[in-house]
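Enquirer: Here it is, the structure, as structure tokens.
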Amino acid sequence: MTTPPARTAAPSPAAGPPGSSDPHDPVESVGPTGAGQPADGPARGRRLLHPDPMVRRLAGITLVNTVGSGLSLAVGVLFFTRVLGLSAAQLGFGLTAAGLCGVVASVPAGRAADRWGARPVLVVLIALNAVATAGYALVHSYPAFLALACVVSAVDRGAAAVRNALYAEVLPADRRVAGRAYLRVVTNVGMCLGTALGAVALQVDSRPAYLTAILVDAVSYLVVAVLFHRLAAPASVRTASSAGPAPAPTAGESGPAGGGPAGQAARRRNPALRDGPFLVVTVLNALLCLQFAMLEVGVPLWVVQHTEAPRITVAGTLIVNTLLVITLQVRATRGTEDPATAARVCGRAGLILAASCLVLALAHGLPAAVAAVVVLAGVALQAFGEVLSQAGGWALSYDLAGERDHGAYQGVYNAGSAASLMIGPAVVSTAVVGWGLFGWVALGVLLAAAGLAMGPAVRWARRQGRATGG
């Protein structure tokens with residue numbers, strides 16, 4: 001069982017004959033831009049359902065996947081402490097160790113996707129996740145919990161990287177970011193539904209209720225694995241991918257495909273780890289991802305320990321964030337197809353996140369009602385920055401990657417995000433909340449600098465691409 005933040009839980013692909021439309025589909029056709037025209041049905045249905053059949057299939061699996069994730073997120077801590085009998089210190093150390101395993105696993109998982117294909121690798125990883133999650137029901141010792149938690153985290157983070165690479169295989173380049181935005185909306189909906197189901201188990205508060213929730217999560221992984229197994233790229237995407245230009249040979253390679261010994265050795269090495277500009281973008285994105293720890297750890301601690309706002313404000317912040325992300329994420333992707341524009345979007349996101357930090361800091365010392373309003377305003381700004389940073393980051397993670405090495409690039413990029421999610425809570429709880437106003441200002445400066453630095457990093461990548469003939 002994993003407990004990923006709602007904003008980072010990734011979707012899964014879909015059922016039905018791969019790459020073809022259901023005969024009862026409300027979509028008449030999908031043109032080159034992916035904007036199919038609905039043939040009939042109520043206007044509300046047309047607005048909610050994506051016009052692209054592939055994205056709709058991905059959305060269906062996303063819903064199954066994230067309902068299970070939301071369920072595990074709701075019951076996880078109490079299951080580990082009340083059912084397995086772990087202390088807070090044991091749980092904290094175990095989850096930290098598991099997070100480190102997740103960071104390490106992302107890179108080789110991405111390379112495996114390039115070598116054997118994203119879909120088969122993803123099916124294996126998700127099936128392993130199902131077995132490992134069910135294994136929690138059999139754990140009776142701390143070493144067993146620690147080992148299992150590391151396995152679950154490794155396959156979960158590896159699957160996240162491979163899933164992102166799969167999107168490059170099943171979605172055309174000009175629709176990937178918009179498709180991911182739609183899937184992220186579905187992700188938030190699924191997490192909310194799963195959390196609501198988890199609330200039932202929490203209310204019952206018994207070992208059978210918690211075990212049932214864990215096993216339901218495991219079954220959801222099995223369903224997702226089957227649906228991934230049935231997914232294949234549409235013929236148009238496969239044709240475009242196979243017709244794409246071959247990557248330019250690097251120094252020491254012989255021939256256009258790099259067939260010499262030096263070229264073969266170069267291809268065995270991870271190209272993303274040798275791409276300086278991409279590594280810089282990965283680090284900058286990881287810094288922007290500190291906003292998730294800010295929302296999920298920093299804001300609750302700040303509200304309870306340093307403001308007069310009612311404690312229920314904490315729940316209000318999550319509601320405000322979720323609703324705004326659902327409403328705005330798809331719109332935030334518009335125009336991010338160009339790397340320079342995506343970098344500017346990240347820059348704006350950094351500035352908005354910095355403003356959010358300053359607004360949250362101002363809640364200290366205010367009357368209860370005013371402090372609550374200020375905190376909610378700060379979280380609203382955070383949500384605006386979040387949707388922009390995610391849209392720009394997705395675009396850059398694909399645009400700066402070699403078209404034939406998406407697994408390697410997504411593995412490295414996902415490792416950066418996973419590292420941020422691992423260390424973020426400790427950084428925010430100590431250096432930000434612990435330092436008060438100065439801590440919030442420092443975090444705001446860091447987020448603004450990370451966003452604004454995306455522009456120079458992308459220009460560096462473009463110069464390097466022209467220099468190497470890319």
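Convention: chains lettered A, B, ... in structure tokens order; per-chain residue numbering from 1; ligands numbered from 1 as shown.
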Neighbouring residues of stretch 278-281 of chain A were defined as those with any atom within 7 Å, considering only C-alpha atoms; residues of the same chain fewer than 4 positions away were excluded. Please report them as a short mmCIF file (atom, residue, chain, number, x, y, z; two decimals) with N, CA, C and O atoms, in the first residue's frame.
Expert:
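Ended up saving to selection_10.cif:
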```
data_model
loop_
_atom_site.label_atom_id
_atom_site.label_comp_id
_atom_site.auth_asym_id
_atom_site.auth_seq_id
_atom_site.Cartn_x
_atom_site.Cartn_y
_atom_site.Cartn_z
N ALA A 272 19.69 10.32 -20.26
CA ALA A 272 19.19 11.40 -19.42
C ALA A 272 20.22 11.82 -18.38
O ALA A 272 20.31 13.00 -18.02
N LEU A 273 21.01 10.86 -17.89
CA LEU A 273 22.03 11.18 -16.89
C LEU A 273 23.22 11.90 -17.50
O LEU A 273 24.07 12.42 -16.77
N ASN A 285 12.54 21.36 -11.06
CA ASN A 285 11.19 20.84 -10.85
C ASN A 285 11.05 20.22 -9.46
O ASN A 285 10.00 20.36 -8.80
N LEU A 400 12.12 18.00 -23.77
CA LEU A 400 13.58 17.96 -23.68
C LEU A 400 14.13 16.55 -23.79
O LEU A 400 15.35 16.36 -23.77
N MET A 454 14.01 28.16 -14.85
CA MET A 454 13.64 27.25 -15.93
C MET A 454 13.95 27.86 -17.30
O MET A 454 14.35 27.14 -18.23
N ALA A 457 17.60 27.46 -18.23
CA ALA A 457 17.89 26.03 -18.42
C ALA A 457 17.37 25.54 -19.76
O ALA A 457 18.05 24.77 -20.47
#
```
Enquirer: I'd like the neighbourhood of A:Glu337 as a list in words, where a residue qualifies if any of its atoms comes within 9 Å (using only C-alpha atoms), though same-chain residues fewer than 4 positions away should be ignored.
Expert: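 That gives Ala173, Asp174, Arg175, Val177, Thr333, Thr341, Ala342, Gly392, Ala395, Leu396 and Asp399 of chain A.
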Enquirer: Store the residues of this selection in a file with all heavy atoms, as a short mmCIF file (atom, residue, chain, number, x, y, z; two decimals), in the first residue's frame.
Expert:
```cif
data_model
loop_
_atom_site.label_atom_id
_atom_site.label_comp_id
_atom_site.auth_asym_id
_atom_site.auth_seq_id
_atom_site.Cartn_x
_atom_site.Cartn_y
_atom_site.Cartn_z
N ALA A 173 2.43 13.56 -29.67
CA ALA A 173 3.23 14.55 -28.95
C ALA A 173 2.43 15.81 -28.64
O ALA A 173 2.59 16.40 -27.56
CB ALA A 173 4.48 14.90 -29.76
N ASP A 174 1.56 16.24 -29.56
CA ASP A 174 0.85 17.49 -29.34
C ASP A 174 -0.33 17.35 -28.39
O ASP A 174 -1.02 18.32 -28.10
CB ASP A 174 0.37 18.07 -30.69
CG ASP A 174 -0.60 17.14 -31.42
OD1 ASP A 174 -0.68 15.94 -31.03
OD2 ASP A 174 -1.25 17.59 -32.36
N ARG A 175 -0.57 16.11 -27.90
CA ARG A 175 -1.71 15.90 -26.99
C ARG A 175 -1.29 15.35 -25.64
O ARG A 175 -2.14 15.09 -24.79
CB ARG A 175 -2.71 14.94 -27.63
CG ARG A 175 -3.66 15.61 -28.59
CD ARG A 175 -4.64 14.58 -29.15
NE ARG A 175 -4.34 14.26 -30.53
CZ ARG A 175 -4.83 13.21 -31.16
NH1 ARG A 175 -5.61 12.38 -30.54
NH2 ARG A 175 -4.53 12.99 -32.42
N VAL A 177 0.54 16.59 -23.01
CA VAL A 177 0.41 17.43 -21.82
C VAL A 177 -1.06 17.68 -21.50
O VAL A 177 -1.49 17.58 -20.34
CB VAL A 177 1.17 18.76 -22.01
CG1 VAL A 177 0.94 19.68 -20.82
CG2 VAL A 177 2.66 18.48 -22.18
N THR A 333 -2.67 24.05 -19.23
CA THR A 333 -1.75 23.48 -20.20
C THR A 333 -1.72 24.23 -21.52
O THR A 333 -0.85 23.97 -22.36
CB THR A 333 -2.13 22.01 -20.50
OG1 THR A 333 -3.42 21.97 -21.12
CG2 THR A 333 -2.16 21.19 -19.21
N THR A 341 7.70 28.64 -23.92
CA THR A 341 6.47 29.04 -23.23
C THR A 341 6.28 28.23 -21.96
O THR A 341 5.88 28.77 -20.91
CB THR A 341 5.25 28.84 -24.15
OG1 THR A 341 5.44 29.59 -25.35
CG2 THR A 341 3.98 29.29 -23.47
N ALA A 342 6.57 26.93 -22.02
CA ALA A 342 6.46 26.09 -20.82
C ALA A 342 7.39 26.59 -19.71
O ALA A 342 7.02 26.59 -18.54
CB ALA A 342 6.78 24.64 -21.17
N GLY A 392 3.71 23.14 -16.98
CA GLY A 392 5.00 23.45 -17.56
C GLY A 392 6.00 22.33 -17.39
O GLY A 392 6.77 22.01 -18.30
N ALA A 395 5.34 19.39 -19.78
CA ALA A 395 5.74 19.72 -21.15
C ALA A 395 7.26 19.61 -21.31
O ALA A 395 7.75 19.03 -22.29
CB ALA A 395 5.26 21.13 -21.50
N LEU A 396 8.00 20.15 -20.37
CA LEU A 396 9.46 20.13 -20.48
C LEU A 396 10.01 18.71 -20.35
O LEU A 396 10.99 18.36 -21.00
CB LEU A 396 10.08 21.03 -19.41
CG LEU A 396 9.78 22.53 -19.59
CD1 LEU A 396 10.37 23.32 -18.44
CD2 LEU A 396 10.34 23.04 -20.92
N ASP A 399 9.39 17.41 -23.88
CA ASP A 399 10.00 18.16 -24.98
C ASP A 399 11.52 18.06 -24.96
O ASP A 399 12.16 18.07 -26.01
CB ASP A 399 9.59 19.63 -24.91
CG ASP A 399 8.13 19.84 -25.25
OD1 ASP A 399 7.56 18.97 -25.93
OD2 ASP A 399 7.55 20.85 -24.83
#
```
Enquirer: Nearest to A:Arg56 among A:Ala372, A:Val441, A:Ala88, A:Leu183, with distances taken over only C-alpha atoms: which residue is it?
Expert: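 Closest to A:Arg56 of all the choices is A:Leu183.
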Enquirer: In stretch 349-385 of chain A, what's alpha helix (DSSP H) per DSSP? Answer as a PDB file with N, CA, C and O atoms, in the first residue's frame?
Expert:
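Produced file part06.pdb, reproduced below:
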```pdb
ATOM      1  N   ALA A 349       4.632  30.297 -12.270  1.00  0.00           N
ATOM      2  CA  ALA A 349       4.228  29.425 -11.167  1.00  0.00           C
ATOM      3  C   ALA A 349       5.099  29.678  -9.941  1.00  0.00           C
ATOM      4  O   ALA A 349       4.589  29.752  -8.806  1.00  0.00           O
ATOM      5  N   GLY A 350       6.405  29.811 -10.145  1.00  0.00           N
ATOM      6  CA  GLY A 350       7.299  30.076  -9.019  1.00  0.00           C
ATOM      7  C   GLY A 350       6.959  31.367  -8.308  1.00  0.00           C
ATOM      8  O   GLY A 350       6.970  31.431  -7.069  1.00  0.00           O
ATOM      9  N   LEU A 351       6.647  32.409  -9.069  1.00  0.00           N
ATOM     10  CA  LEU A 351       6.289  33.693  -8.459  1.00  0.00           C
ATOM     11  C   LEU A 351       4.974  33.602  -7.691  1.00  0.00           C
ATOM     12  O   LEU A 351       4.834  34.176  -6.597  1.00  0.00           O
ATOM     13  N   ILE A 352       3.995  32.886  -8.249  1.00  0.00           N
ATOM     14  CA  ILE A 352       2.708  32.738  -7.558  1.00  0.00           C
ATOM     15  C   ILE A 352       2.884  31.919  -6.282  1.00  0.00           C
ATOM     16  O   ILE A 352       2.291  32.236  -5.234  1.00  0.00           O
ATOM     17  N   LEU A 353       3.702  30.881  -6.332  1.00  0.00           N
ATOM     18  CA  LEU A 353       3.962  30.091  -5.137  1.00  0.00           C
ATOM     19  C   LEU A 353       4.676  30.917  -4.075  1.00  0.00           C
ATOM     20  O   LEU A 353       4.408  30.770  -2.870  1.00  0.00           O
ATOM     21  N   ALA A 354       5.583  31.786  -4.508  1.00  0.00           N
ATOM     22  CA  ALA A 354       6.247  32.673  -3.554  1.00  0.00           C
ATOM     23  C   ALA A 354       5.244  33.610  -2.889  1.00  0.00           C
ATOM     24  O   ALA A 354       5.285  33.834  -1.669  1.00  0.00           O
ATOM     25  N   ALA A 355       4.313  34.148  -3.685  1.00  0.00           N
ATOM     26  CA  ALA A 355       3.270  34.997  -3.115  1.00  0.00           C
ATOM     27  C   ALA A 355       2.414  34.215  -2.132  1.00  0.00           C
ATOM     28  O   ALA A 355       2.004  34.743  -1.080  1.00  0.00           O
ATOM     29  N   SER A 356       2.155  32.948  -2.441  1.00  0.00           N
ATOM     30  CA  SER A 356       1.387  32.102  -1.527  1.00  0.00           C
ATOM     31  C   SER A 356       2.088  31.972  -0.179  1.00  0.00           C
ATOM     32  O   SER A 356       1.450  32.053   0.882  1.00  0.00           O
ATOM     33  N   CYS A 357       3.397  31.777  -0.207  1.00  0.00           N
ATOM     34  CA  CYS A 357       4.167  31.666   1.042  1.00  0.00           C
ATOM     35  C   CYS A 357       4.037  32.936   1.882  1.00  0.00           C
ATOM     36  O   CYS A 357       3.859  32.879   3.109  1.00  0.00           O
ATOM     37  N   LEU A 358       4.128  34.081   1.227  1.00  0.00           N
ATOM     38  CA  LEU A 358       4.049  35.347   1.956  1.00  0.00           C
ATOM     39  C   LEU A 358       2.665  35.545   2.562  1.00  0.00           C
ATOM     40  O   LEU A 358       2.532  36.007   3.705  1.00  0.00           O
ATOM     41  N   VAL A 359       1.619  35.194   1.817  1.00  0.00           N
ATOM     42  CA  VAL A 359       0.259  35.343   2.338  1.00  0.00           C
ATOM     43  C   VAL A 359       0.046  34.419   3.536  1.00  0.00           C
ATOM     44  O   VAL A 359      -0.533  34.819   4.557  1.00  0.00           O
ATOM     45  N   LEU A 360       0.508  33.187   3.443  1.00  0.00           N
ATOM     46  CA  LEU A 360       0.366  32.259   4.558  1.00  0.00           C
ATOM     47  C   LEU A 360       1.099  32.766   5.792  1.00  0.00           C
ATOM     48  O   LEU A 360       0.595  32.642   6.920  1.00  0.00           O
ATOM     49  N   ALA A 361       2.264  33.339   5.590  1.00  0.00           N
ATOM     50  CA  ALA A 361       3.030  33.867   6.726  1.00  0.00           C
ATOM     51  C   ALA A 361       2.275  34.983   7.443  1.00  0.00           C
ATOM     52  O   ALA A 361       2.378  35.126   8.665  1.00  0.00           O
ATOM     53  N   ALA A 368      -8.956  35.023  14.667  1.00  0.00           N
ATOM     54  CA  ALA A 368      -9.252  33.696  14.140  1.00  0.00           C
ATOM     55  C   ALA A 368      -9.910  33.725  12.767  1.00  0.00           C
ATOM     56  O   ALA A 368      -9.440  33.062  11.827  1.00  0.00           O
ATOM     57  N   ALA A 369     -10.998  34.485  12.627  1.00  0.00           N
ATOM     58  CA  ALA A 369     -11.719  34.506  11.353  1.00  0.00           C
ATOM     59  C   ALA A 369     -10.856  35.076  10.236  1.00  0.00           C
ATOM     60  O   ALA A 369     -10.828  34.549   9.115  1.00  0.00           O
ATOM     61  N   VAL A 370     -10.152  36.160  10.530  1.00  0.00           N
ATOM     62  CA  VAL A 370      -9.294  36.779   9.519  1.00  0.00           C
ATOM     63  C   VAL A 370      -8.153  35.842   9.140  1.00  0.00           C
ATOM     64  O   VAL A 370      -7.799  35.702   7.961  1.00  0.00           O
ATOM     65  N   ALA A 371      -7.574  35.185  10.144  1.00  0.00           N
ATOM     66  CA  ALA A 371      -6.475  34.252   9.870  1.00  0.00           C
ATOM     67  C   ALA A 371      -6.937  33.118   8.964  1.00  0.00           C
ATOM     68  O   ALA A 371      -6.214  32.704   8.045  1.00  0.00           O
ATOM     69  N   ALA A 372      -8.157  32.617   9.194  1.00  0.00           N
ATOM     70  CA  ALA A 372      -8.681  31.539   8.354  1.00  0.00           C
ATOM     71  C   ALA A 372      -8.825  32.002   6.912  1.00  0.00           C
ATOM     72  O   ALA A 372      -8.471  31.275   5.972  1.00  0.00           O
ATOM     73  N   VAL A 373      -9.352  33.206   6.711  1.00  0.00           N
ATOM     74  CA  VAL A 373      -9.521  33.738   5.357  1.00  0.00           C
ATOM     75  C   VAL A 373      -8.163  33.903   4.680  1.00  0.00           C
ATOM     76  O   VAL A 373      -7.985  33.560   3.493  1.00  0.00           O
ATOM     77  N   VAL A 374      -7.187  34.408   5.420  1.00  0.00           N
ATOM     78  CA  VAL A 374      -5.851  34.615   4.854  1.00  0.00           C
ATOM     79  C   VAL A 374      -5.219  33.277   4.470  1.00  0.00           C
ATOM     80  O   VAL A 374      -4.601  33.141   3.398  1.00  0.00           O
ATOM     81  N   VAL A 375      -5.366  32.267   5.326  1.00  0.00           N
ATOM     82  CA  VAL A 375      -4.804  30.948   5.019  1.00  0.00           C
ATOM     83  C   VAL A 375      -5.449  30.375   3.760  1.00  0.00           C
ATOM     84  O   VAL A 375      -4.761  29.858   2.869  1.00  0.00           O
ATOM     85  N   LEU A 376      -6.762  30.469   3.649  1.00  0.00           N
ATOM     86  CA  LEU A 376      -7.444  29.949   2.470  1.00  0.00           C
ATOM     87  C   LEU A 376      -7.030  30.713   1.214  1.00  0.00           C
ATOM     88  O   LEU A 376      -6.897  30.115   0.131  1.00  0.00           O
ATOM     89  N   ALA A 377      -6.811  32.023   1.348  1.00  0.00           N
ATOM     90  CA  ALA A 377      -6.336  32.804   0.204  1.00  0.00           C
ATOM     91  C   ALA A 377      -4.938  32.350  -0.212  1.00  0.00           C
ATOM     92  O   ALA A 377      -4.630  32.232  -1.411  1.00  0.00           O
ATOM     93  N   GLY A 378      -4.087  32.084   0.761  1.00  0.00           N
ATOM     94  CA  GLY A 378      -2.743  31.605   0.455  1.00  0.00           C
ATOM     95  C   GLY A 378      -2.762  30.261  -0.246  1.00  0.00           C
ATOM     96  O   GLY A 378      -2.008  30.019  -1.196  1.00  0.00           O
ATOM     97  N   VAL A 379      -3.667  29.375   0.195  1.00  0.00           N
ATOM     98  CA  VAL A 379      -3.775  28.061  -0.433  1.00  0.00           C
ATOM     99  C   VAL A 379      -4.365  28.187  -1.838  1.00  0.00           C
ATOM    100  O   VAL A 379      -3.985  27.425  -2.747  1.00  0.00           O
ATOM    101  N   ALA A 380      -5.261  29.126  -2.050  1.00  0.00           N
ATOM    102  CA  ALA A 380      -5.786  29.352  -3.396  1.00  0.00           C
ATOM    103  C   ALA A 380      -4.658  29.767  -4.342  1.00  0.00           C
ATOM    104  O   ALA A 380      -4.569  29.280  -5.482  1.00  0.00           O
ATOM    105  N   LEU A 381      -3.783  30.648  -3.874  1.00  0.00           N
ATOM    106  CA  LEU A 381      -2.625  31.018  -4.693  1.00  0.00           C
ATOM    107  C   LEU A 381      -1.738  29.807  -4.957  1.00  0.00           C
ATOM    108  O   LEU A 381      -1.233  29.618  -6.072  1.00  0.00           O
ATOM    109  N   GLN A 382      -1.545  28.976  -3.927  1.00  0.00           N
ATOM    110  CA  GLN A 382      -0.741  27.768  -4.117  1.00  0.00           C
ATOM    111  C   GLN A 382      -1.333  26.882  -5.204  1.00  0.00           C
ATOM    112  O   GLN A 382      -0.605  26.307  -6.020  1.00  0.00           O
ATOM    113  N   ALA A 383      -2.659  26.755  -5.236  1.00  0.00           N
ATOM    114  CA  ALA A 383      -3.307  25.928  -6.251  1.00  0.00           C
ATOM    115  C   ALA A 383      -3.078  26.492  -7.650  1.00  0.00           C
ATOM    116  O   ALA A 383      -2.829  25.728  -8.600  1.00  0.00           O
ATOM    117  N   PHE A 384      -3.144  27.808  -7.796  1.00  0.00           N
ATOM    118  CA  PHE A 384      -2.846  28.430  -9.093  1.00  0.00           C
ATOM    119  C   PHE A 384      -1.414  28.113  -9.515  1.00  0.00           C
ATOM    120  O   PHE A 384      -1.140  27.742 -10.661  1.00  0.00           O
ATOM    121  N   GLY A 385      -0.479  28.269  -8.573  1.00  0.00           N
ATOM    122  CA  GLY A 385       0.909  27.949  -8.887  1.00  0.00           C
ATOM    123  C   GLY A 385       1.110  26.479  -9.185  1.00  0.00           C
ATOM    124  O   GLY A 385       1.905  26.105 -10.060  1.00  0.00           O
TER     125      GLY A 385
END
```
Enquirer: May I ask which of the residues A:Leu146, A:Val458, A:Val131, A:Ile319 is the closest one to A:Pro277, counting only C-alpha atoms?
Expert: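 Closest to A:Pro277, using only C-alpha atoms: A:Val458.
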